[in-house]
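Dumped model-v6.cif below, it's mmCIF, C-alpha atoms:
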data_final
#
loop_
_atom_site.group_PDB
_atom_site.id
_atom_site.type_symbol
_atom_site.label_atom_id
_atom_site.label_comp_id
_atom_site.auth_asym_id
_atom_site.auth_seq_id
_atom_site.Cartn_x
_atom_site.Cartn_y
_atom_site.Cartn_z
ATOM 1 C CA MET A 10 218.205 245.779 -110.738
ATOM 2 C CA GLU A 11 219.694 242.430 -111.745
ATOM 3 C CA GLU A 12 217.559 239.434 -110.826
ATOM 4 C CA ILE A 13 219.144 237.072 -108.302
ATOM 5 C CA LYS A 14 219.797 233.595 -109.677
ATOM 6 C CA ARG A 15 218.664 231.237 -106.928
ATOM 7 C CA THR A 16 220.823 228.406 -105.633
ATOM 8 C CA ALA A 17 219.904 225.103 -104.010
ATOM 9 C CA ILE A 18 221.409 222.185 -102.132
ATOM 10 C CA VAL A 19 219.609 218.887 -102.756
ATOM 11 C CA THR A 20 220.565 215.950 -100.542
ATOM 12 C CA GLY A 21 220.165 212.468 -101.960
ATOM 13 C CA GLY A 22 220.339 214.337 -105.245
ATOM 14 C CA ALA A 23 221.948 211.698 -107.433
ATOM 15 C CA GLN A 24 219.088 209.237 -107.716
ATOM 16 C CA GLY A 25 215.342 208.750 -107.566
ATOM 17 C CA ILE A 26 213.266 211.677 -106.344
ATOM 18 C CA GLY A 27 216.369 213.751 -105.647
ATOM 19 C CA ARG A 28 217.638 213.409 -109.191
ATOM 20 C CA GLU A 29 214.295 214.585 -110.561
ATOM 21 C CA ILE A 30 214.361 217.581 -108.203
ATOM 22 C CA VAL A 31 217.861 218.494 -109.423
ATOM 23 C CA LYS A 32 216.688 218.209 -113.035
ATOM 24 C CA GLU A 33 213.667 220.425 -112.520
ATOM 25 C CA TYR A 34 215.647 223.069 -110.633
ATOM 26 C CA LEU A 35 218.227 223.260 -113.423
ATOM 27 C CA GLU A 36 215.460 223.576 -116.010
ATOM 28 C CA ALA A 37 213.971 226.404 -113.922
ATOM 29 C CA GLY A 38 217.287 228.277 -113.888
ATOM 30 C CA VAL A 39 218.323 227.400 -110.330
ATOM 31 C CA LYS A 40 221.967 226.559 -109.608
ATOM 32 C CA VAL A 41 222.270 223.255 -107.759
ATOM 33 C CA CYS A 42 224.709 221.481 -105.472
ATOM 34 C CA ALA A 43 223.752 217.789 -105.386
ATOM 35 C CA PHE A 44 224.870 215.914 -102.272
ATOM 36 C CA ASP A 45 224.822 212.127 -102.204
ATOM 37 C CA LEU A 46 226.528 209.118 -100.653
ATOM 38 C CA ASN A 47 226.963 207.479 -104.066
ATOM 39 C CA ALA A 48 229.902 209.114 -105.846
ATOM 40 C CA GLU A 49 229.347 207.082 -109.028
ATOM 41 C CA GLN A 50 225.764 208.282 -109.319
ATOM 42 C CA LEU A 51 226.959 211.844 -108.773
ATOM 43 C CA ASP A 52 229.363 211.426 -111.697
ATOM 44 C CA SER A 53 226.472 210.100 -113.776
ATOM 45 C CA LEU A 54 224.336 213.090 -112.764
ATOM 46 C CA LYS A 55 227.090 215.518 -113.708
ATOM 47 C CA ALA A 56 227.513 213.829 -117.091
ATOM 48 C CA GLU A 57 223.784 213.777 -117.833
ATOM 49 C CA PHE A 58 223.419 217.485 -117.142
ATOM 50 C CA ALA A 59 226.798 218.615 -118.477
ATOM 51 C CA ALA A 60 225.046 221.225 -120.618
ATOM 52 C CA TYR A 61 224.348 223.240 -117.461
ATOM 53 C CA GLY A 62 228.068 223.618 -116.792
ATOM 54 C CA ASP A 63 228.950 225.221 -113.466
ATOM 55 C CA ASP A 64 225.276 225.624 -112.559
ATOM 56 C CA LEU A 65 225.532 222.043 -111.270
ATOM 57 C CA ILE A 66 228.162 220.991 -108.752
ATOM 58 C CA THR A 67 228.303 217.826 -106.666
ATOM 59 C CA ALA A 68 229.502 216.818 -103.223
ATOM 60 C CA ALA A 69 229.885 213.238 -102.024
ATOM 61 C CA GLY A 70 229.256 212.517 -98.375
ATOM 62 C CA ASN A 71 227.092 211.039 -95.654
ATOM 63 C CA VAL A 72 224.276 213.059 -94.064
ATOM 64 C CA THR A 73 225.137 211.486 -90.697
ATOM 65 C CA SER A 74 228.587 213.101 -90.780
ATOM 66 C CA TYR A 75 228.419 216.759 -89.778
ATOM 67 C CA GLU A 76 231.901 217.185 -91.229
ATOM 68 C CA ASP A 77 230.580 216.068 -94.648
ATOM 69 C CA VAL A 78 227.540 218.320 -94.278
ATOM 70 C CA GLU A 79 229.658 221.365 -93.441
ATOM 71 C CA ALA A 80 231.977 220.644 -96.365
ATOM 72 C CA CYS A 81 229.014 220.485 -98.763
ATOM 73 C CA VAL A 82 227.492 223.724 -97.513
ATOM 74 C CA LYS A 83 230.853 225.495 -97.667
ATOM 75 C CA LYS A 84 231.441 224.241 -101.215
ATOM 76 C CA ALA A 85 228.032 225.462 -102.364
ATOM 77 C CA ALA A 86 228.477 228.864 -100.703
ATOM 78 C CA GLU A 87 231.905 229.362 -102.239
ATOM 79 C CA ALA A 88 230.787 228.239 -105.702
ATOM 80 C CA PHE A 89 227.500 230.165 -105.830
ATOM 81 C CA GLY A 90 228.054 233.051 -103.420
ATOM 82 C CA ARG A 91 224.824 232.331 -101.538
ATOM 83 C CA ILE A 92 222.530 229.486 -100.418
ATOM 84 C CA ASP A 93 218.857 230.129 -101.089
ATOM 85 C CA ILE A 94 217.258 226.696 -100.945
ATOM 86 C CA LEU A 95 217.851 223.488 -99.007
ATOM 87 C CA VAL A 96 216.013 220.313 -99.957
ATOM 88 C CA ASN A 97 216.513 217.650 -97.294
ATOM 89 C CA ASN A 98 215.669 214.670 -99.480
ATOM 90 C CA ALA A 99 218.115 211.934 -98.372
ATOM 91 C CA GLY A 100 216.680 209.116 -96.282
ATOM 92 C CA GLY A 101 215.578 205.497 -96.185
ATOM 93 C CA SER A 102 214.083 202.813 -93.992
ATOM 94 C CA PHE A 103 216.758 200.187 -94.760
ATOM 95 C CA GLY A 104 214.061 197.533 -94.324
ATOM 96 C CA VAL A 105 214.220 197.811 -90.529
ATOM 97 C CA LYS A 106 210.878 196.711 -89.102
ATOM 98 C CA GLY A 107 209.239 194.348 -86.651
ATOM 99 C CA THR A 108 208.167 194.499 -83.026
ATOM 100 C CA PRO A 109 210.377 196.670 -80.775
ATOM 101 C CA ASP A 110 212.184 193.683 -79.252
ATOM 102 C CA LEU A 111 213.304 192.569 -82.724
ATOM 103 C CA ILE A 112 214.766 195.942 -83.723
ATOM 104 C CA SER A 113 218.396 196.230 -82.691
ATOM 105 C CA LEU A 114 219.597 199.438 -81.084
ATOM 106 C CA GLU A 115 222.156 199.727 -83.874
ATOM 107 C CA ASP A 116 219.424 199.598 -86.530
ATOM 108 C CA TRP A 117 217.349 202.134 -84.618
ATOM 109 C CA ASP A 118 220.287 204.533 -84.474
ATOM 110 C CA LYS A 119 221.099 204.019 -88.155
ATOM 111 C CA VAL A 120 217.606 204.828 -89.397
ATOM 112 C CA VAL A 121 217.004 207.768 -87.057
ATOM 113 C CA LYS A 122 220.413 209.306 -87.761
ATOM 114 C CA VAL A 123 219.970 209.206 -91.523
ATOM 115 C CA ASN A 124 216.388 210.444 -91.558
ATOM 116 C CA LEU A 125 216.279 212.919 -88.648
ATOM 117 C CA TYR A 126 219.803 213.846 -87.563
ATOM 118 C CA GLY A 127 220.906 214.262 -91.169
ATOM 119 C CA GLN A 128 218.117 216.715 -91.883
ATOM 120 C CA PHE A 129 218.829 218.760 -88.758
ATOM 121 C CA TYR A 130 222.558 218.813 -89.573
ATOM 122 C CA PHE A 131 221.856 220.486 -92.918
ATOM 123 C CA VAL A 132 219.309 222.896 -91.416
ATOM 124 C CA HIS A 133 221.878 223.818 -88.760
ATOM 125 C CA ALA A 134 224.604 224.378 -91.356
ATOM 126 C CA VAL A 135 222.645 226.509 -93.856
ATOM 127 C CA THR A 136 220.764 228.712 -91.394
ATOM 128 C CA PRO A 137 223.638 231.188 -90.770
ATOM 129 C CA TYR A 138 223.915 231.840 -94.527
ATOM 130 C CA MET A 139 220.170 232.301 -94.898
ATOM 131 C CA LYS A 140 219.942 234.580 -91.854
ATOM 132 C CA ALA A 141 222.779 236.751 -93.197
ATOM 133 C CA GLN A 142 221.032 237.229 -96.549
ATOM 134 C CA GLN A 143 217.573 237.499 -94.931
ATOM 135 C CA TYR A 144 216.203 234.870 -97.278
ATOM 136 C CA GLY A 145 215.857 231.108 -97.341
ATOM 137 C CA ARG A 146 213.637 228.219 -98.359
ATOM 138 C CA ILE A 147 214.002 224.884 -96.551
ATOM 139 C CA LEU A 148 212.108 221.746 -97.570
ATOM 140 C CA CYS A 149 212.256 218.615 -95.426
ATOM 141 C CA MET A 150 211.143 215.254 -96.767
ATOM 142 C CA SER A 151 208.880 213.465 -94.320
ATOM 143 C CA SER A 152 206.609 210.556 -95.299
ATOM 144 C CA LYS A 153 203.105 209.215 -95.035
ATOM 145 C CA ALA A 154 204.700 206.981 -92.390
ATOM 146 C CA GLY A 155 205.253 210.097 -90.284
ATOM 147 C CA ARG A 156 201.594 211.095 -90.594
ATOM 148 C CA SER A 157 199.836 207.790 -89.928
ATOM 149 C CA ARG A 158 200.765 204.180 -89.347
ATOM 150 C CA GLY A 159 203.294 203.058 -91.935
ATOM 151 C CA SER A 160 203.054 200.041 -94.188
ATOM 152 C CA GLY A 161 205.389 197.804 -96.155
ATOM 153 C CA ASN A 162 208.986 198.626 -95.249
ATOM 154 C CA SER A 163 208.044 201.604 -93.067
ATOM 155 C CA GLY A 164 209.155 200.267 -89.705
ATOM 156 C CA THR A 165 209.046 201.965 -86.315
ATOM 157 C CA PRO A 166 212.405 203.809 -86.519
ATOM 158 C CA TYR A 167 211.537 205.258 -89.927
ATOM 159 C CA ALA A 168 208.046 206.324 -88.837
ATOM 160 C CA ALA A 169 209.428 207.895 -85.659
ATOM 161 C CA ALA A 170 212.110 209.823 -87.555
ATOM 162 C CA LYS A 171 209.679 211.049 -90.209
ATOM 163 C CA ALA A 172 207.235 212.186 -87.518
ATOM 164 C CA GLY A 173 210.118 213.929 -85.766
ATOM 165 C CA ILE A 174 210.804 215.880 -88.952
ATOM 166 C CA LEU A 175 207.297 217.345 -88.801
ATOM 167 C CA GLY A 176 207.837 218.495 -85.229
ATOM 168 C CA MET A 177 211.167 220.035 -86.193
ATOM 169 C CA VAL A 178 209.621 221.881 -89.137
ATOM 170 C CA ARG A 179 206.810 223.344 -87.037
ATOM 171 C CA THR A 180 209.155 224.645 -84.347
ATOM 172 C CA VAL A 181 211.931 225.875 -86.629
ATOM 173 C CA SER A 182 209.396 227.817 -88.710
ATOM 174 C CA ALA A 183 208.821 230.152 -85.755
ATOM 175 C CA ASP A 184 212.548 230.487 -85.066
ATOM 176 C CA VAL A 185 213.611 231.417 -88.599
ATOM 177 C CA GLY A 186 210.529 233.206 -89.930
ATOM 178 C CA PRO A 187 211.676 236.669 -88.800
ATOM 179 C CA TYR A 188 214.784 236.242 -90.978
ATOM 180 C CA GLY A 189 212.866 235.737 -94.207
ATOM 181 C CA ILE A 190 213.266 231.964 -94.072
ATOM 182 C CA THR A 191 210.450 229.467 -94.598
ATOM 183 C CA ILE A 192 210.589 225.762 -93.797
ATOM 184 C CA ASN A 193 208.028 223.191 -94.880
ATOM 185 C CA ALA A 194 207.686 219.439 -95.259
ATOM 186 C CA ILE A 195 206.363 217.040 -97.849
ATOM 187 C CA ALA A 196 204.888 213.654 -96.922
ATOM 188 C CA PRO A 197 205.114 211.321 -99.935
ATOM 189 C CA GLY A 198 203.274 208.023 -100.071
ATOM 190 C CA ALA A 199 203.954 205.103 -102.415
ATOM 191 C CA ILE A 200 206.294 206.612 -105.004
ATOM 192 C CA LEU A 201 207.944 204.665 -107.834
ATOM 193 C CA SER A 202 211.148 206.489 -107.034
ATOM 194 C CA GLY A 203 213.750 204.133 -108.492
ATOM 195 C CA GLU A 204 214.442 200.877 -110.282
ATOM 196 C CA ARG A 205 214.483 198.835 -107.067
ATOM 197 C CA ILE A 206 210.957 199.887 -106.115
ATOM 198 C CA LYS A 207 209.680 199.653 -109.692
ATOM 199 C CA ASN A 208 211.084 196.127 -110.029
ATOM 200 C CA PHE A 209 209.554 195.139 -106.701
ATOM 201 C CA TRP A 210 206.042 196.066 -107.857
ATOM 202 C CA ASN A 211 206.586 194.749 -111.377
ATOM 203 C CA ASN A 212 207.293 191.346 -109.872
ATOM 204 C CA ARG A 213 204.249 191.329 -107.616
ATOM 205 C CA PRO A 214 200.930 189.771 -108.685
ATOM 206 C CA GLN A 215 198.228 192.194 -109.775
ATOM 207 C CA SER A 216 196.187 191.288 -106.695
ATOM 208 C CA ASP A 217 198.961 192.684 -104.444
ATOM 209 C CA ILE A 218 199.093 195.898 -106.451
ATOM 210 C CA ASP A 219 195.308 196.253 -106.314
ATOM 211 C CA GLU A 220 195.345 195.719 -102.567
ATOM 212 C CA LYS A 221 198.057 198.364 -102.127
ATOM 213 C CA LEU A 222 196.186 200.912 -104.219
ATOM 214 C CA LYS A 223 192.938 200.406 -102.296
ATOM 215 C CA SER A 224 194.346 202.725 -99.633
ATOM 216 C CA THR A 225 195.146 205.412 -102.222
ATOM 217 C CA PRO A 226 192.014 207.264 -103.339
ATOM 218 C CA VAL A 227 193.528 208.358 -106.670
ATOM 219 C CA ARG A 228 194.270 204.663 -107.376
ATOM 220 C CA ARG A 229 197.811 204.959 -108.691
ATOM 221 C CA PHE A 230 201.402 205.022 -107.508
ATOM 222 C CA GLY A 231 203.164 208.352 -107.332
ATOM 223 C CA GLU A 232 205.979 209.340 -109.684
ATOM 224 C CA ASN A 233 209.138 211.318 -108.974
ATOM 225 C CA GLU A 234 207.639 214.246 -110.854
ATOM 226 C CA ASP A 235 204.714 214.388 -108.417
ATOM 227 C CA VAL A 236 207.082 215.039 -105.529
ATOM 228 C CA ALA A 237 209.481 217.303 -107.432
ATOM 229 C CA SER A 238 206.710 219.655 -108.555
ATOM 230 C CA ALA A 239 205.569 220.052 -104.947
ATOM 231 C CA VAL A 240 209.149 220.737 -103.844
ATOM 232 C CA LEU A 241 209.611 223.421 -106.479
ATOM 233 C CA PHE A 242 206.380 225.118 -105.459
ATOM 234 C CA LEU A 243 207.121 225.181 -101.720
ATOM 235 C CA THR A 244 210.602 226.596 -102.333
ATOM 236 C CA SER A 245 209.396 229.247 -104.791
ATOM 237 C CA GLU A 246 208.383 232.874 -104.345
ATOM 238 C CA ARG A 247 204.752 231.856 -104.769
ATOM 239 C CA ALA A 248 204.923 229.962 -101.474
ATOM 240 C CA SER A 249 206.456 232.815 -99.467
ATOM 241 C CA PHE A 250 203.503 232.920 -97.034
ATOM 242 C CA ILE A 251 203.581 229.178 -96.347
ATOM 243 C CA THR A 252 205.777 227.931 -93.512
ATOM 244 C CA GLY A 253 205.619 225.241 -90.848
ATOM 245 C CA ALA A 254 203.290 223.245 -93.092
ATOM 246 C CA VAL A 255 203.247 219.697 -94.437
ATOM 247 C CA LEU A 256 202.006 218.949 -97.944
ATOM 248 C CA ASP A 257 200.757 215.408 -98.503
ATOM 249 C CA VAL A 258 201.865 214.014 -101.844
ATOM 250 C CA ASN A 259 200.406 210.564 -101.408
ATOM 251 C CA GLY A 260 197.171 210.462 -103.364
ATOM 252 C CA GLY A 261 195.121 210.906 -100.202
ATOM 253 C CA ALA A 262 196.485 207.690 -98.668
ATOM 254 C CA TRP A 263 197.332 209.169 -95.269
ATOM 255 C CA VAL A 264 193.747 210.225 -94.568
ATOM 256 C CA GLY A 265 192.671 206.642 -94.132
#
Exercise: express the given structure as structure tokens:
Amino acid sequence: MEEIKRTAIVTGGAQGIGREIVKEYLEAGVKVCAFDLNAEQLDSLKAEFAAYGDDLITAAGNVTSYEDVEACVKKAAEAFGRIDILVNNAGGSFGVKGTPDLISLEDWDKVVKVNLYGQFYFVHAVTPYMKAQQYGRILCMSSKAGRSRGSGNSGTPYAAAKAGILGMVRTVSADVGPYGITINAIAPGAILSGERIKNFWNNRPQSDIDEKLKSTPVRRFGENEDVASAVLFLTSERASFITGAVLDVNGGAWVG
């Protein structure tokens, strides 16, 4: 019997953690559809991994637009013939923070829609495909901010959305489990996920870095590879008996 070549959709797949996830899936023999708001970065991704040919396709769009989400899912299904894995990676805090009276309703909506609505939109869109094939792996990106009080740029809307993801994962796991579908979450901490964050810490005094790392028992920042390896595990066959769970990839920071 011919082995099925797995397929994946990775949102926010053109940069940072998402780009590393795409890379590691391709290296593992998984076909990938990378979805991202940044069309230029998608072109860059396609060029960097041109050697994988049609095993990598891209779709530009906004996770807050269900029309864009549906178009991405349809494109992946038509190109690959099936959808095995969804990695809901896209998100961001947009620097929205402060006491509730200082957070505009527009900013609240923006952050919650990107981080919570966007993830549900993709779960909603891929579930019929996964139910039909009686197989699916869904990974939702939460955050340490959704597990305990956030810090830095993790404001109230971001923390609320990331906590909401955990509630969604727990409930959906019971709804889709009978169809051979698992859904789990990852809660990253301080990850050097891109040039903006790396430059921020490179320009901070060592005392600020030391203070930040005091709350991380392993005493280092996380790397994209730390998150990607956890994603690949939770969406693999070896994790078939794990669902409704959250894996903390934050060096133990959330415990304190």
Test item: residues at most 7 Å from A:Ser163, all atoms listed in the file, excluding those fewer than 4 positions along its chain, as a ChimeraX atom specification | /A:102,106,154,159,167-168
Starting from the displayed file, determine the output of the PyMOL selection byres ((chain A and resi 93) around 12) and express the residue list as a PDB file with C-alpha atoms, in the coordinates of the input.
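The result, stored in expr.pdb:
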ATOM      1  CA  ILE A  13     219.144 237.072-108.302  1.00  0.00           C
ATOM      2  CA  LYS A  14     219.797 233.595-109.677  1.00  0.00           C
ATOM      3  CA  ARG A  15     218.664 231.237-106.928  1.00  0.00           C
ATOM      4  CA  THR A  16     220.823 228.406-105.633  1.00  0.00           C
ATOM      5  CA  ALA A  17     219.904 225.103-104.010  1.00  0.00           C
ATOM      6  CA  ILE A  18     221.409 222.185-102.132  1.00  0.00           C
ATOM      7  CA  VAL A  19     219.609 218.887-102.756  1.00  0.00           C
ATOM      8  CA  VAL A  39     218.323 227.400-110.330  1.00  0.00           C
ATOM      9  CA  LYS A  40     221.967 226.559-109.608  1.00  0.00           C
ATOM     10  CA  VAL A  41     222.270 223.255-107.759  1.00  0.00           C
ATOM     11  CA  CYS A  42     224.709 221.481-105.472  1.00  0.00           C
ATOM     12  CA  VAL A  82     227.492 223.724 -97.513  1.00  0.00           C
ATOM     13  CA  ALA A  85     228.032 225.462-102.364  1.00  0.00           C
ATOM     14  CA  ALA A  86     228.477 228.864-100.703  1.00  0.00           C
ATOM     15  CA  PHE A  89     227.500 230.165-105.830  1.00  0.00           C
ATOM     16  CA  GLY A  90     228.054 233.051-103.420  1.00  0.00           C
ATOM     17  CA  ARG A  91     224.824 232.331-101.538  1.00  0.00           C
ATOM     18  CA  ILE A  92     222.530 229.486-100.418  1.00  0.00           C
ATOM     19  CA  ILE A  94     217.258 226.696-100.945  1.00  0.00           C
ATOM     20  CA  LEU A  95     217.851 223.488 -99.007  1.00  0.00           C
ATOM     21  CA  VAL A  96     216.013 220.313 -99.957  1.00  0.00           C
ATOM     22  CA  VAL A 135     222.645 226.509 -93.856  1.00  0.00           C
ATOM     23  CA  THR A 136     220.764 228.712 -91.394  1.00  0.00           C
ATOM     24  CA  PRO A 137     223.638 231.188 -90.770  1.00  0.00           C
ATOM     25  CA  TYR A 138     223.915 231.840 -94.527  1.00  0.00           C
ATOM     26  CA  MET A 139     220.170 232.301 -94.898  1.00  0.00           C
ATOM     27  CA  LYS A 140     219.942 234.580 -91.854  1.00  0.00           C
ATOM     28  CA  ALA A 141     222.779 236.751 -93.197  1.00  0.00           C
ATOM     29  CA  GLN A 142     221.032 237.229 -96.549  1.00  0.00           C
ATOM     30  CA  GLN A 143     217.573 237.499 -94.931  1.00  0.00           C
ATOM     31  CA  TYR A 144     216.203 234.870 -97.278  1.00  0.00           C
ATOM     32  CA  GLY A 145     215.857 231.108 -97.341  1.00  0.00           C
ATOM     33  CA  ARG A 146     213.637 228.219 -98.359  1.00  0.00           C
ATOM     34  CA  ILE A 147     214.002 224.884 -96.551  1.00  0.00           C
ATOM     35  CA  LEU A 148     212.108 221.746 -97.570  1.00  0.00           C
ATOM     36  CA  GLY A 189     212.866 235.737 -94.207  1.00  0.00           C
ATOM     37  CA  ILE A 190     213.266 231.964 -94.072  1.00  0.00           C
ATOM     38  CA  THR A 191     210.450 229.467 -94.598  1.00  0.00           C
ATOM     39  CA  ILE A 192     210.589 225.762 -93.797  1.00  0.00           C
ATOM     40  CA  THR A 244     210.602 226.596-102.333  1.00  0.00           C
ATOM     41  CA  SER A 245     209.396 229.247-104.791  1.00  0.00           C
ATOM     42  CA  GLU A 246     208.383 232.874-104.345  1.00  0.00           C
TER      43      GLU A 246
END
For A:Glu36, work out the shell of residues within 12 Å, counting all atoms listed in the file and skipping chain neighbours fewer than 2 positions away, then give it as a PDB file with C-alpha atoms, keeping the file's coordinate frame.
ATOM      1  CA  GLU A  29     214.295 214.585-110.561  1.00  0.00           C
ATOM      2  CA  ILE A  30     214.361 217.581-108.203  1.00  0.00           C
ATOM      3  CA  VAL A  31     217.861 218.494-109.423  1.00  0.00           C
ATOM      4  CA  LYS A  32     216.688 218.209-113.035  1.00  0.00           C
ATOM      5  CA  GLU A  33     213.667 220.425-112.520  1.00  0.00           C
ATOM      6  CA  TYR A  34     215.647 223.069-110.633  1.00  0.00           C
ATOM      7  CA  GLY A  38     217.287 228.277-113.888  1.00  0.00           C
ATOM      8  CA  VAL A  39     218.323 227.400-110.330  1.00  0.00           C
ATOM      9  CA  LYS A  40     221.967 226.559-109.608  1.00  0.00           C
ATOM     10  CA  VAL A  41     222.270 223.255-107.759  1.00  0.00           C
ATOM     11  CA  PHE A  58     223.419 217.485-117.142  1.00  0.00           C
ATOM     12  CA  ALA A  60     225.046 221.225-120.618  1.00  0.00           C
ATOM     13  CA  TYR A  61     224.348 223.240-117.461  1.00  0.00           C
ATOM     14  CA  ASP A  64     225.276 225.624-112.559  1.00  0.00           C
ATOM     15  CA  LEU A  65     225.532 222.043-111.270  1.00  0.00           C
ATOM     16  CA  LEU A 241     209.611 223.421-106.479  1.00  0.00           C
TER      17      LEU A 241
END
Counting all atoms listed in the file, write as number ranges by chain all protein and nucleic acid residues lying at most 9 Å from (211.3, 211.2, -97.0) in the file's frame.
-> A: 97-101, 124, 149-153, 171, 195-197
For atom CA of A:Phe103 and atom CA of A:Lys55, the interatomic separation in Å (one decimal) =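 Distance reported for this atom pair: 26.5 Å.
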Residue with smallest distance to A:Gly25 - pool A:Leu243, A:Leu46, A:Leu201, A:Ile112, counting all atoms listed in the file | A:Leu201
What does the distance between atom CA of A:Ala194 and atom CA of A:Pro166 come to in Å, to one decimal place?
->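 Going from atom CA of A:Ala194 over to atom CA of A:Pro166 covers 18.5 Å.
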Any idea what the distance is between atom CA of A:Thr165 and atom CA of A:Thr108?
->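 Computed distance, atom CA of A:Thr165 to atom CA of A:Thr108, equals 8.2 Å.
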Using all atoms listed in the file, find all polymer residues with an atom at most 8 Å away from the point (204.6, 213.7, -101.9); report them as a PDB file with C-alpha atoms, in the coordinates of the input.
ATOM      1  CA  SER A 152     206.609 210.556 -95.299  1.00  0.00           C
ATOM      2  CA  ILE A 195     206.363 217.040 -97.849  1.00  0.00           C
ATOM      3  CA  ALA A 196     204.888 213.654 -96.922  1.00  0.00           C
ATOM      4  CA  PRO A 197     205.114 211.321 -99.935  1.00  0.00           C
ATOM      5  CA  GLY A 198     203.274 208.023-100.071  1.00  0.00           C
ATOM      6  CA  ILE A 200     206.294 206.612-105.004  1.00  0.00           C
ATOM      7  CA  GLY A 231     203.164 208.352-107.332  1.00  0.00           C
ATOM      8  CA  ASP A 235     204.714 214.388-108.417  1.00  0.00           C
ATOM      9  CA  VAL A 236     207.082 215.039-105.529  1.00  0.00           C
ATOM     10  CA  ALA A 239     205.569 220.052-104.947  1.00  0.00           C
ATOM     11  CA  LEU A 256     202.006 218.949 -97.944  1.00  0.00           C
ATOM     12  CA  ASP A 257     200.757 215.408 -98.503  1.00  0.00           C
ATOM     13  CA  VAL A 258     201.865 214.014-101.844  1.00  0.00           C
ATOM     14  CA  ASN A 259     200.406 210.564-101.408  1.00  0.00           C
TER      15      ASN A 259
END
Shortest contact to A:Arg156, candidates A:Gly186, A:Pro109, A:Pro226, A:Gly176, atoms counted only C-alpha atoms, goes to A:Gly176
Evaluate the PyMOL selection byres ((chain A and resi 71) around 9) and report residues as a ChimeraX atom specification | /A:44-46,69-70,72-78,123,127
Residue among A:Ala68, A:Ala199, A:Cys81, A:Ala23 lying closest to A:Thr225, counting all atoms listed in the file |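 Nearest candidate to A:Thr225 out of A:Ala68, A:Ala199, A:Cys81, A:Ala23: A:Ala199.
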Pick the closest to A:Ala80 from A:Asp116, A:Asn47, A:Ala134, A:Tyr126: which is it, counting all atoms listed in the file?
-> A:Ala134
